[in-house]
file model_13.pdb (PDB, C-alpha atoms and all ligand atoms)
MODEL        1
ATOM      1  CA  MET Z   1       0.000   0.000   0.000  1.00  0.00           C
ATOM      2  CA  CYS Z   2       1.203   3.513  -0.745  1.00  0.00           C
ATOM      3  CA  VAL Z   3       0.157   6.410   1.508  1.00  0.00           C
ATOM      4  CA  ASN Z   4       0.661   9.991   0.441  1.00  0.00           C
ATOM      5  CA  ILE Z   5       0.923  12.052   3.625  1.00  0.00           C
ATOM      6  CA  MET Z   6      -0.099  15.669   3.026  1.00  0.00           C
ATOM      7  CA  GLN Z   7       0.707  17.128   6.428  1.00  0.00           C
ATOM      8  CA  ILE Z   8       1.398  16.084  10.032  1.00  0.00           C
ATOM      9  CA  THR Z   9       0.298  18.551  12.717  1.00  0.00           C
ATOM     10  CA  VAL Z  10       2.001  18.144  16.100  1.00  0.00           C
ATOM     11  CA  THR Z  11       1.054  20.143  19.166  1.00  0.00           C
ATOM     12  CA  ASP Z  12       2.841  20.153  22.529  1.00  0.00           C
ATOM     13  CA  LEU Z  13       3.411  22.594  25.377  1.00  0.00           C
ATOM     14  CA  ASP Z  14       7.089  21.735  25.268  1.00  0.00           C
ATOM     15  CA  ARG Z  15       9.180  22.225  22.115  1.00  0.00           C
ATOM     16  CA  HIS Z  16      11.912  20.023  23.627  1.00  0.00           C
ATOM     17  CA  THR Z  17       9.627  16.938  23.395  1.00  0.00           C
ATOM     18  CA  TYR Z  18       9.113  17.581  19.687  1.00  0.00           C
ATOM     19  CA  GLU Z  19      12.820  18.181  19.105  1.00  0.00           C
ATOM     20  CA  MET Z  20      13.729  14.904  20.833  1.00  0.00           C
ATOM     21  CA  GLY Z  21      12.025  13.078  17.961  1.00  0.00           C
ATOM     22  CA  LEU Z  22      13.565  15.168  15.193  1.00  0.00           C
ATOM     23  CA  PRO Z  23      16.577  12.884  14.487  1.00  0.00           C
ATOM     24  CA  VAL Z  24      14.102  10.102  13.660  1.00  0.00           C
ATOM     25  CA  THR Z  25      11.759  12.464  11.798  1.00  0.00           C
ATOM     26  CA  LYS Z  26      14.653  13.624   9.585  1.00  0.00           C
ATOM     27  CA  LYS Z  27      15.329  10.048   8.459  1.00  0.00           C
ATOM     28  CA  THR Z  28      11.764   9.735   7.088  1.00  0.00           C
ATOM     29  CA  ASN Z  29      12.263  12.406   4.391  1.00  0.00           C
ATOM     30  CA  VAL Z  30       8.896  13.922   5.323  1.00  0.00           C
ATOM     31  CA  GLU Z  31      10.259  16.443   7.823  1.00  0.00           C
ATOM     32  CA  HIS Z  32       8.968  19.285   5.643  1.00  0.00           C
ATOM     33  CA  LYS Z  33       5.421  17.975   6.142  1.00  0.00           C
ATOM     34  CA  PHE Z  34       5.530  18.463   9.921  1.00  0.00           C
ATOM     35  CA  ASN Z  35       3.722  21.478  11.331  1.00  0.00           C
ATOM     36  CA  PHE Z  36       4.654  21.972  15.006  1.00  0.00           C
ATOM     37  CA  ILE Z  37       2.413  24.168  17.187  1.00  0.00           C
ATOM     38  CA  GLN Z  38       3.794  25.009  20.630  1.00  0.00           C
ATOM     39  CA  SER Z  39       0.636  25.537  22.637  1.00  0.00           C
ATOM     40  CA  PRO Z  40      -1.816  23.844  25.016  1.00  0.00           C
ATOM     41  CA  ALA Z  41      -3.538  21.178  22.936  1.00  0.00           C
ATOM     42  CA  LEU Z  42      -7.041  22.521  23.591  1.00  0.00           C
ATOM     43  CA  SER Z  43      -6.126  25.936  22.141  1.00  0.00           C
ATOM     44  CA  SER Z  44      -4.446  24.300  19.134  1.00  0.00           C
ATOM     45  CA  LEU Z  45      -7.469  22.122  18.411  1.00  0.00           C
ATOM     46  CA  ASP Z  46      -9.851  25.070  18.803  1.00  0.00           C
ATOM     47  CA  GLU Z  47      -7.646  27.074  16.452  1.00  0.00           C
ATOM     48  CA  LEU Z  48      -7.785  24.252  13.881  1.00  0.00           C
ATOM     49  CA  LEU Z  49     -11.585  24.103  14.252  1.00  0.00           C
ATOM     50  CA  ASN Z  50     -11.872  27.817  13.548  1.00  0.00           C
ATOM     51  CA  ASP Z  51     -10.933  27.029   9.962  1.00  0.00           C
ATOM     52  CA  ASN Z  52     -13.874  25.130   8.466  1.00  0.00           C
ATOM     53  CA  ASP Z  53     -11.573  23.513   5.899  1.00  0.00           C
ATOM     54  CA  ASN Z  54      -9.986  21.499   8.730  1.00  0.00           C
ATOM     55  CA  ARG Z  55     -13.261  19.924   9.814  1.00  0.00           C
ATOM     56  CA  GLY Z  56     -13.419  16.282   8.759  1.00  0.00           C
ATOM     57  CA  SER Z  57     -10.047  16.619   7.046  1.00  0.00           C
ATOM     58  CA  PHE Z  58      -7.745  14.538   9.286  1.00  0.00           C
ATOM     59  CA  ASP Z  59      -7.209  10.832   8.576  1.00  0.00           C
ATOM     60  CA  PHE Z  60      -5.504   9.986  11.863  1.00  0.00           C
ATOM     61  CA  ALA Z  61      -4.938  11.439  15.329  1.00  0.00           C
ATOM     62  CA  PHE Z  62      -2.784  10.225  18.220  1.00  0.00           C
ATOM     63  CA  ILE Z  63      -3.512  11.691  21.667  1.00  0.00           C
ATOM     64  CA  ASP Z  64      -0.918  11.461  24.436  1.00  0.00           C
ATOM     65  CA  ALA Z  65      -1.065  14.492  26.741  1.00  0.00           C
ATOM     66  CA  ASP Z  66      -2.681  15.493  30.055  1.00  0.00           C
ATOM     67  CA  LYS Z  67      -5.134  12.748  30.985  1.00  0.00           C
ATOM     68  CA  VAL Z  68      -7.632  15.145  32.580  1.00  0.00           C
ATOM     69  CA  SER Z  69      -8.578  16.659  29.220  1.00  0.00           C
ATOM     70  CA  TYR Z  70      -9.062  13.557  27.056  1.00  0.00           C
ATOM     71  CA  GLN Z  71     -12.832  13.977  26.957  1.00  0.00           C
ATOM     72  CA  LYS Z  72     -12.416  17.558  25.672  1.00  0.00           C
ATOM     73  CA  TYR Z  73      -9.854  16.384  23.096  1.00  0.00           C
ATOM     74  CA  HIS Z  74     -12.254  13.650  22.020  1.00  0.00           C
ATOM     75  CA  GLU Z  75     -15.105  16.043  21.214  1.00  0.00           C
ATOM     76  CA  ARG Z  76     -12.742  18.177  19.120  1.00  0.00           C
ATOM     77  CA  MET Z  77     -11.152  15.182  17.392  1.00  0.00           C
ATOM     78  CA  LEU Z  78     -14.602  13.947  16.348  1.00  0.00           C
ATOM     79  CA  GLU Z  79     -15.002  17.239  14.476  1.00  0.00           C
ATOM     80  CA  LEU Z  80     -11.537  17.176  12.911  1.00  0.00           C
ATOM     81  CA  VAL Z  81     -11.189  13.508  11.919  1.00  0.00           C
ATOM     82  CA  LYS Z  82     -13.127  12.356   8.866  1.00  0.00           C
ATOM     83  CA  VAL Z  83     -15.704   9.575   8.951  1.00  0.00           C
ATOM     84  CA  GLY Z  84     -13.669   6.386   8.467  1.00  0.00           C
ATOM     85  CA  GLY Z  85     -10.623   8.011  10.103  1.00  0.00           C
ATOM     86  CA  ILE Z  86      -8.793   6.755  13.175  1.00  0.00           C
ATOM     87  CA  ILE Z  87      -8.204   8.325  16.600  1.00  0.00           C
ATOM     88  CA  VAL Z  88      -5.766   6.593  18.974  1.00  0.00           C
ATOM     89  CA  TYR Z  89      -5.614   7.307  22.715  1.00  0.00           C
ATOM     90  CA  ASP Z  90      -2.545   6.311  24.739  1.00  0.00           C
ATOM     91  CA  ASN Z  91      -2.171   5.143  28.364  1.00  0.00           C
ATOM     92  CA  ARG Z  92      -5.549   3.398  28.550  1.00  0.00           C
ATOM     93  CA  LEU Z  93      -4.252   0.822  31.052  1.00  0.00           C
ATOM     94  CA  TRP Z  94      -2.333   3.287  33.236  1.00  0.00           C
ATOM     95  CA  PHE Z  95       0.302   0.694  34.089  1.00  0.00           C
ATOM     96  CA  GLY Z  96      -2.363  -1.905  34.810  1.00  0.00           C
ATOM     97  CA  THR Z  97      -3.923   0.129  37.616  1.00  0.00           C
ATOM     98  CA  VAL Z  98      -7.298   0.447  35.815  1.00  0.00           C
ATOM     99  CA  ALA Z  99      -7.861  -3.249  36.580  1.00  0.00           C
ATOM    100  CA  MET Z 100      -6.612  -3.145  40.184  1.00  0.00           C
ATOM    101  CA  PRO Z 101      -8.698  -2.645  43.309  1.00  0.00           C
ATOM    102  CA  GLU Z 102      -8.303   1.002  44.380  1.00  0.00           C
ATOM    103  CA  GLU Z 103      -6.612   0.053  47.674  1.00  0.00           C
ATOM    104  CA  CYS Z 104      -3.734  -1.594  45.767  1.00  0.00           C
ATOM    105  CA  VAL Z 105      -2.972   1.536  43.693  1.00  0.00           C
ATOM    106  CA  ARG Z 106      -0.177   3.933  44.693  1.00  0.00           C
ATOM    107  CA  GLU Z 107      -1.485   7.389  45.695  1.00  0.00           C
ATOM    108  CA  ALA Z 108       0.468   9.099  42.898  1.00  0.00           C
ATOM    109  CA  MET Z 109      -1.337   7.002  40.272  1.00  0.00           C
ATOM    110  CA  LYS Z 110      -4.854   7.569  41.589  1.00  0.00           C
ATOM    111  CA  PRO Z 111      -5.891  10.940  40.077  1.00  0.00           C
ATOM    112  CA  ASN Z 112      -5.078   9.985  36.457  1.00  0.00           C
ATOM    113  CA  ARG Z 113      -6.416   6.459  37.016  1.00  0.00           C
ATOM    114  CA  HIS Z 114      -9.777   7.949  37.917  1.00  0.00           C
ATOM    115  CA  HIS Z 115      -9.885  10.084  34.732  1.00  0.00           C
ATOM    116  CA  ILE Z 116      -8.718   7.176  32.576  1.00  0.00           C
ATOM    117  CA  ILE Z 117     -11.360   4.744  33.890  1.00  0.00           C
ATOM    118  CA  GLU Z 118     -14.040   7.383  33.377  1.00  0.00           C
ATOM    119  CA  PHE Z 119     -12.886   8.087  29.804  1.00  0.00           C
ATOM    120  CA  ASN Z 120     -12.509   4.369  28.960  1.00  0.00           C
ATOM    121  CA  ASN Z 121     -16.139   3.861  30.017  1.00  0.00           C
ATOM    122  CA  PHE Z 122     -17.187   6.868  27.958  1.00  0.00           C
ATOM    123  CA  LEU Z 123     -15.422   5.561  24.830  1.00  0.00           C
ATOM    124  CA  ALA Z 124     -16.983   2.115  25.254  1.00  0.00           C
ATOM    125  CA  ALA Z 125     -20.455   3.701  25.184  1.00  0.00           C
ATOM    126  CA  ASP Z 126     -19.839   6.324  22.480  1.00  0.00           C
ATOM    127  CA  THR Z 127     -21.918   5.407  19.419  1.00  0.00           C
ATOM    128  CA  ARG Z 128     -19.971   7.834  17.176  1.00  0.00           C
ATOM    129  CA  ILE Z 129     -16.996   5.471  17.166  1.00  0.00           C
ATOM    130  CA  GLN Z 130     -16.158   1.777  17.127  1.00  0.00           C
ATOM    131  CA  ILE Z 131     -13.252   0.877  19.406  1.00  0.00           C
ATOM    132  CA  SER Z 132     -10.582  -1.744  19.830  1.00  0.00           C
ATOM    133  CA  GLN Z 133      -8.647  -1.892  23.094  1.00  0.00           C
ATOM    134  CA  VAL Z 134      -5.077  -3.031  22.430  1.00  0.00           C
ATOM    135  CA  PRO Z 135      -2.742  -4.121  25.275  1.00  0.00           C
ATOM    136  CA  LEU Z 136       0.300  -2.605  23.588  1.00  0.00           C
ATOM    137  CA  GLY Z 137       2.726  -0.618  25.777  1.00  0.00           C
ATOM    138  CA  ASP Z 138       0.570   1.153  28.357  1.00  0.00           C
ATOM    139  CA  GLY Z 139      -2.570   0.279  26.403  1.00  0.00           C
ATOM    140  CA  ILE Z 140      -4.000   2.090  23.412  1.00  0.00           C
ATOM    141  CA  THR Z 141      -7.606   2.509  22.332  1.00  0.00           C
ATOM    142  CA  ILE Z 142      -8.079   2.618  18.573  1.00  0.00           C
ATOM    143  CA  CYS Z 143     -11.275   4.451  17.616  1.00  0.00           C
ATOM    144  CA  TRP Z 144     -12.792   4.203  14.176  1.00  0.00           C
ATOM    145  CA  ARG Z 145     -14.853   7.334  13.416  1.00  0.00           C
ATOM    146  CA  LEU Z 146     -18.289   6.218  12.240  1.00  0.00           C
TER     147      LEU Z 146
HETATM  148  C1  LIG Z 201       4.232  11.318  27.695  1.00  0.00           C
HETATM  149  S1  LIG Z 201       4.659  12.712  26.689  1.00  0.00           S
HETATM  150  C2  LIG Z 201       4.263  12.051  25.113  1.00  0.00           C
HETATM  151  C3  LIG Z 201       5.096  12.534  24.009  1.00  0.00           C
HETATM  152  C4  LIG Z 201       4.932  11.756  22.703  1.00  0.00           C
HETATM  153  N1  LIG Z 201       3.576  11.381  22.419  1.00  0.00           N
HETATM  154  C5  LIG Z 201       5.813  10.536  22.721  1.00  0.00           C
HETATM  155  O1  LIG Z 201       5.298   9.414  22.878  1.00  0.00           O
HETATM  156  O2  LIG Z 201       7.020  10.682  22.591  1.00  0.00           O
HETATM  157  C6  LIG Z 201       3.360  13.777  27.051  1.00  0.00           C
HETATM  158  C7  LIG Z 201       3.530  15.131  26.386  1.00  0.00           C
HETATM  159  O3  LIG Z 201       2.322  15.851  26.582  1.00  0.00           O
HETATM  160  C8  LIG Z 201       2.650  17.210  26.650  1.00  0.00           C
HETATM  161  N2  LIG Z 201       1.507  17.870  27.265  1.00  0.00           N
HETATM  162  C9  LIG Z 201       1.027  17.738  28.516  1.00  0.00           C
HETATM  163  N3  LIG Z 201      -0.064  18.492  28.699  1.00  0.00           N
HETATM  164  C10 LIG Z 201      -0.295  19.115  27.517  1.00  0.00           C
HETATM  165  C11 LIG Z 201      -1.274  20.040  27.064  1.00  0.00           C
HETATM  166  N4  LIG Z 201      -2.260  20.455  27.850  1.00  0.00           N
HETATM  167  N5  LIG Z 201      -1.198  20.478  25.808  1.00  0.00           N
HETATM  168  C12 LIG Z 201      -0.214  20.055  24.965  1.00  0.00           C
HETATM  169  N6  LIG Z 201       0.748  19.188  25.344  1.00  0.00           N
HETATM  170  C13 LIG Z 201       0.712  18.732  26.599  1.00  0.00           C
HETATM  171  C14 LIG Z 201       3.924  17.253  27.473  1.00  0.00           C
HETATM  172  O4  LIG Z 201       4.655  18.456  27.240  1.00  0.00           O
HETATM  173  C15 LIG Z 201       4.639  16.009  26.954  1.00  0.00           C
HETATM  174  O5  LIG Z 201       5.532  16.332  25.921  1.00  0.00           O
ENDMDL
END
call {"tool": "encode", "arguments": {"input": "model_13.pdb", "output": "structure tokens", "more": "lines below"}}
Ligand SMILES: C[S@@+](CC[C@H](N)C(=O)[O-])C[C@H]1O[C@@H](n2cnc3c(N)ncnc32)[C@H](O)[C@@H]1O
result
Amino acid sequence: MCVNIMQITVTDLDRHTYEMGLPVTKKTNVEHKFNFIQSPALSSLDELLNDNDNRGSFDFAFIDADKVSYQKYHERMLELVKVGGIIVYDNRLWFGTVAMPEECVREAMKPNRHHIIEFNNFLAADTRIQISQVPLGDGITICWRL
């Protein structure tokens, strides 16, 4: 299969995180297709949504940022990703703690665990997507936009 990538938009609060990946990005010969936006993700997504041409124009999205805001990212991604496109959410297992009794979970893990369980339940019930939960790394949820 041959995929012609038009553009890859990356948003992060921290430019250093983006630059860490640049040596690998440079080897792909598509470095010129990367558009980095240094900003809170919510502002970046709202900015993208302000341009109607962006709505339903993305084929794929990968979300790996502050776990508190995933629900807000989700609503925006559903506007930006085309029907038939894919949205992937990272850290869905939160190091296995989502399946542990609360009393066995370290205090430091508890706040994000709570948000992640809540969002996992939301995704499972969301009729706008079809999901597959994959136990890869810290767990990813692949969502197919219906
Ligand atoms: C675990 S790192 C993931 C980086 C990248 N996905 C990877 O796997 O290499 C999480 C990143 O989310 C960024 N981040 C956290 N909160 C954010 C927010 N509200 N808006 C944008 N980026 C955020 C952090 O700066 C950090 O670079």
call {"tool": "residues_near_ligand", "arguments": {"input": "model_13.pdb", "ligand": "ligand LIG 201 (chain Z)", "cutoff": "10 Å", "atoms": "only C-alpha atoms and all ligand atoms", "output": "ChimeraX atom specification"}}
result
/Z:10-18,20-21,37-45,62-70,73,90-91
call {"tool": "write_last_selection", "arguments": {"input": "model_13.pdb", "atoms": "C-alpha atoms", "output": "compact mmCIF listing (two decimals), in the coordinates of the input"}}
result
# COMPACT_ATOMS: atom_id res chain seq x y z
CA VAL Z 10 2.00 18.14 16.10
CA THR Z 11 1.05 20.14 19.17
CA ASP Z 12 2.84 20.15 22.53
CA LEU Z 13 3.41 22.59 25.38
CA ASP Z 14 7.09 21.74 25.27
CA ARG Z 15 9.18 22.22 22.12
CA HIS Z 16 11.91 20.02 23.63
CA THR Z 17 9.63 16.94 23.40
CA TYR Z 18 9.11 17.58 19.69
CA MET Z 20 13.73 14.90 20.83
CA GLY Z 21 12.02 13.08 17.96
CA ILE Z 37 2.41 24.17 17.19
CA GLN Z 38 3.79 25.01 20.63
CA SER Z 39 0.64 25.54 22.64
CA PRO Z 40 -1.82 23.84 25.02
CA ALA Z 41 -3.54 21.18 22.94
CA LEU Z 42 -7.04 22.52 23.59
CA SER Z 43 -6.13 25.94 22.14
CA SER Z 44 -4.45 24.30 19.13
CA LEU Z 45 -7.47 22.12 18.41
CA PHE Z 62 -2.78 10.22 18.22
CA ILE Z 63 -3.51 11.69 21.67
CA ASP Z 64 -0.92 11.46 24.44
CA ALA Z 65 -1.06 14.49 26.74
CA ASP Z 66 -2.68 15.49 30.06
CA LYS Z 67 -5.13 12.75 30.98
CA VAL Z 68 -7.63 15.14 32.58
CA SER Z 69 -8.58 16.66 29.22
CA TYR Z 70 -9.06 13.56 27.06
CA TYR Z 73 -9.85 16.38 23.10
CA ASP Z 90 -2.54 6.31 24.74
CA ASN Z 91 -2.17 5.14 28.36
call {"tool": "atom_distance", "arguments": {"input": "model_13.pdb", "atom1": "CA of Phe36 (chain Z)", "atom2": "CA of Ile8 (chain Z)"}}
result
8.4 Å
call {"tool": "resolve_selection", "arguments": {"input": "model_13.pdb", "expression": "the PyMOL selection byres (((chain Z and resi 97) around 12) and not hetatm)", "output": "short mmCIF file (atom, residue, chain, number, x, y, z; two decimals) with C-alpha atoms, in the coordinates of the input"}}
result
data_model
loop_
_atom_site.label_atom_id
_atom_site.label_comp_id
_atom_site.auth_asym_id
_atom_site.auth_seq_id
_atom_site.Cartn_x
_atom_site.Cartn_y
_atom_site.Cartn_z
CA ASN Z 91 -2.17 5.14 28.36
CA ARG Z 92 -5.55 3.40 28.55
CA LEU Z 93 -4.25 0.82 31.05
CA TRP Z 94 -2.33 3.29 33.24
CA PHE Z 95 0.30 0.69 34.09
CA GLY Z 96 -2.36 -1.90 34.81
CA VAL Z 98 -7.30 0.45 35.82
CA ALA Z 99 -7.86 -3.25 36.58
CA MET Z 100 -6.61 -3.14 40.18
CA PRO Z 101 -8.70 -2.64 43.31
CA GLU Z 102 -8.30 1.00 44.38
CA GLU Z 103 -6.61 0.05 47.67
CA CYS Z 104 -3.73 -1.59 45.77
CA VAL Z 105 -2.97 1.54 43.69
CA ARG Z 106 -0.18 3.93 44.69
CA GLU Z 107 -1.48 7.39 45.70
CA ALA Z 108 0.47 9.10 42.90
CA MET Z 109 -1.34 7.00 40.27
CA LYS Z 110 -4.85 7.57 41.59
CA PRO Z 111 -5.89 10.94 40.08
CA ASN Z 112 -5.08 9.98 36.46
CA ARG Z 113 -6.42 6.46 37.02
CA HIS Z 114 -9.78 7.95 37.92
CA HIS Z 115 -9.88 10.08 34.73
CA ILE Z 116 -8.72 7.18 32.58
CA ILE Z 117 -11.36 4.74 33.89
CA ASP Z 138 0.57 1.15 28.36
CA GLY Z 139 -2.57 0.28 26.40
#
call {"tool": "atom_distance", "arguments": {"input": "model_13.pdb", "atom1": "CA of Gly56 (chain Z)", "atom2": "CA of Ile86 (chain Z)"}}
result
11.5 Å
call {"tool": "closest_residue", "arguments": {"input": "model_13.pdb", "among": "Z:Ile140, Z:Val30, Z:Val81, Z:Glu19", "to": "Phe60 (chain Z)", "atoms": "all atoms listed in the file"}}
result
Z:Val81
call {"tool": "atom_distance", "arguments": {"input": "model_13.pdb", "atom1": "CA of Leu136 (chain Z)", "atom2": "CA of Gln7 (chain Z)"}}
result
26.2 Å
call {"tool": "closest_residue", "arguments": {"input": "model_13.pdb", "among": "Z:Leu146, Z:Ala125, Z:Leu48, Z:Ile131", "to": "Lys82 (chain Z)", "atoms": "all atoms listed in the file"}}
result
Z:Leu146
call {"tool": "closest_residue", "arguments": {"input": "model_13.pdb", "among": "Z:Phe34, Z:Thr9, Z:Arg55, Z:Phe119", "to": "Lys72 (chain Z)", "atoms": "all atoms listed in the file"}}
result
Z:Phe119
call {"tool": "decode", "arguments": {"input": "model_13.pdb", "residues": "region 57-76 of chain Z", "atoms": "N, CA and C atoms", "output": "PDB file, in the first residue's frame"}}
result
ATOM      1  N   SER Z  57     -11.136  16.706   8.033  1.00  0.00           N
ATOM      2  CA  SER Z  57     -10.047  16.619   7.046  1.00  0.00           C
ATOM      3  C   SER Z  57      -8.889  15.722   7.507  1.00  0.00           C
ATOM      4  N   PHE Z  58      -8.869  15.346   8.784  1.00  0.00           N
ATOM      5  CA  PHE Z  58      -7.745  14.538   9.286  1.00  0.00           C
ATOM      6  C   PHE Z  58      -8.061  13.045   9.148  1.00  0.00           C
ATOM      7  N   ASP Z  59      -7.051  12.288   8.714  1.00  0.00           N
ATOM      8  CA  ASP Z  59      -7.209  10.832   8.576  1.00  0.00           C
ATOM      9  C   ASP Z  59      -6.937  10.119   9.890  1.00  0.00           C
ATOM     10  N   PHE Z  60      -6.028  10.704  10.693  1.00  0.00           N
ATOM     11  CA  PHE Z  60      -5.504   9.986  11.863  1.00  0.00           C
ATOM     12  C   PHE Z  60      -5.123  10.980  12.951  1.00  0.00           C
ATOM     13  N   ALA Z  61      -5.383  10.598  14.200  1.00  0.00           N
ATOM     14  CA  ALA Z  61      -4.938  11.439  15.329  1.00  0.00           C
ATOM     15  C   ALA Z  61      -4.425  10.537  16.439  1.00  0.00           C
ATOM     16  N   PHE Z  62      -3.342  10.956  17.077  1.00  0.00           N
ATOM     17  CA  PHE Z  62      -2.784  10.225  18.220  1.00  0.00           C
ATOM     18  C   PHE Z  62      -2.743  11.183  19.404  1.00  0.00           C
ATOM     19  N   ILE Z  63      -3.405  10.814  20.500  1.00  0.00           N
ATOM     20  CA  ILE Z  63      -3.512  11.691  21.667  1.00  0.00           C
ATOM     21  C   ILE Z  63      -2.712  11.108  22.822  1.00  0.00           C
ATOM     22  N   ASP Z  64      -1.755  11.888  23.306  1.00  0.00           N
ATOM     23  CA  ASP Z  64      -0.918  11.461  24.436  1.00  0.00           C
ATOM     24  C   ASP Z  64      -0.488  12.721  25.184  1.00  0.00           C
ATOM     25  N   ALA Z  65      -1.387  13.257  25.998  1.00  0.00           N
ATOM     26  CA  ALA Z  65      -1.065  14.492  26.741  1.00  0.00           C
ATOM     27  C   ALA Z  65      -1.687  14.389  28.133  1.00  0.00           C
ATOM     28  N   ASP Z  66      -2.103  15.507  28.706  1.00  0.00           N
ATOM     29  CA  ASP Z  66      -2.681  15.493  30.055  1.00  0.00           C
ATOM     30  C   ASP Z  66      -3.980  14.684  30.069  1.00  0.00           C
ATOM     31  N   LYS Z  67      -4.023  13.724  30.978  1.00  0.00           N
ATOM     32  CA  LYS Z  67      -5.134  12.748  30.985  1.00  0.00           C
ATOM     33  C   LYS Z  67      -6.476  13.370  31.408  1.00  0.00           C
ATOM     34  N   VAL Z  68      -6.413  14.481  32.103  1.00  0.00           N
ATOM     35  CA  VAL Z  68      -7.632  15.145  32.580  1.00  0.00           C
ATOM     36  C   VAL Z  68      -8.502  15.632  31.423  1.00  0.00           C
ATOM     37  N   SER Z  69      -7.855  15.970  30.306  1.00  0.00           N
ATOM     38  CA  SER Z  69      -8.578  16.659  29.220  1.00  0.00           C
ATOM     39  C   SER Z  69      -8.992  15.736  28.070  1.00  0.00           C
ATOM     40  N   TYR Z  70      -8.809  14.437  28.205  1.00  0.00           N
ATOM     41  CA  TYR Z  70      -9.062  13.557  27.056  1.00  0.00           C
ATOM     42  C   TYR Z  70     -10.484  13.684  26.504  1.00  0.00           C
ATOM     43  N   GLN Z  71     -11.447  13.851  27.419  1.00  0.00           N
ATOM     44  CA  GLN Z  71     -12.832  13.977  26.957  1.00  0.00           C
ATOM     45  C   GLN Z  71     -13.002  15.224  26.071  1.00  0.00           C
ATOM     46  N   LYS Z  72     -12.337  16.319  26.464  1.00  0.00           N
ATOM     47  CA  LYS Z  72     -12.416  17.558  25.672  1.00  0.00           C
ATOM     48  C   LYS Z  72     -11.688  17.371  24.347  1.00  0.00           C
ATOM     49  N   TYR Z  73     -10.564  16.661  24.360  1.00  0.00           N
ATOM     50  CA  TYR Z  73      -9.854  16.384  23.096  1.00  0.00           C
ATOM     51  C   TYR Z  73     -10.743  15.543  22.182  1.00  0.00           C
ATOM     52  N   HIS Z  74     -11.423  14.578  22.802  1.00  0.00           N
ATOM     53  CA  HIS Z  74     -12.254  13.650  22.020  1.00  0.00           C
ATOM     54  C   HIS Z  74     -13.326  14.406  21.228  1.00  0.00           C
ATOM     55  N   GLU Z  75     -14.033  15.310  21.898  1.00  0.00           N
ATOM     56  CA  GLU Z  75     -15.105  16.043  21.214  1.00  0.00           C
ATOM     57  C   GLU Z  75     -14.542  16.828  20.030  1.00  0.00           C
ATOM     58  N   ARG Z  76     -13.363  17.403  20.210  1.00  0.00           N
ATOM     59  CA  ARG Z  76     -12.742  18.177  19.120  1.00  0.00           C
ATOM     60  C   ARG Z  76     -12.233  17.255  18.013  1.00  0.00           C
TER      61      ARG Z  76
END
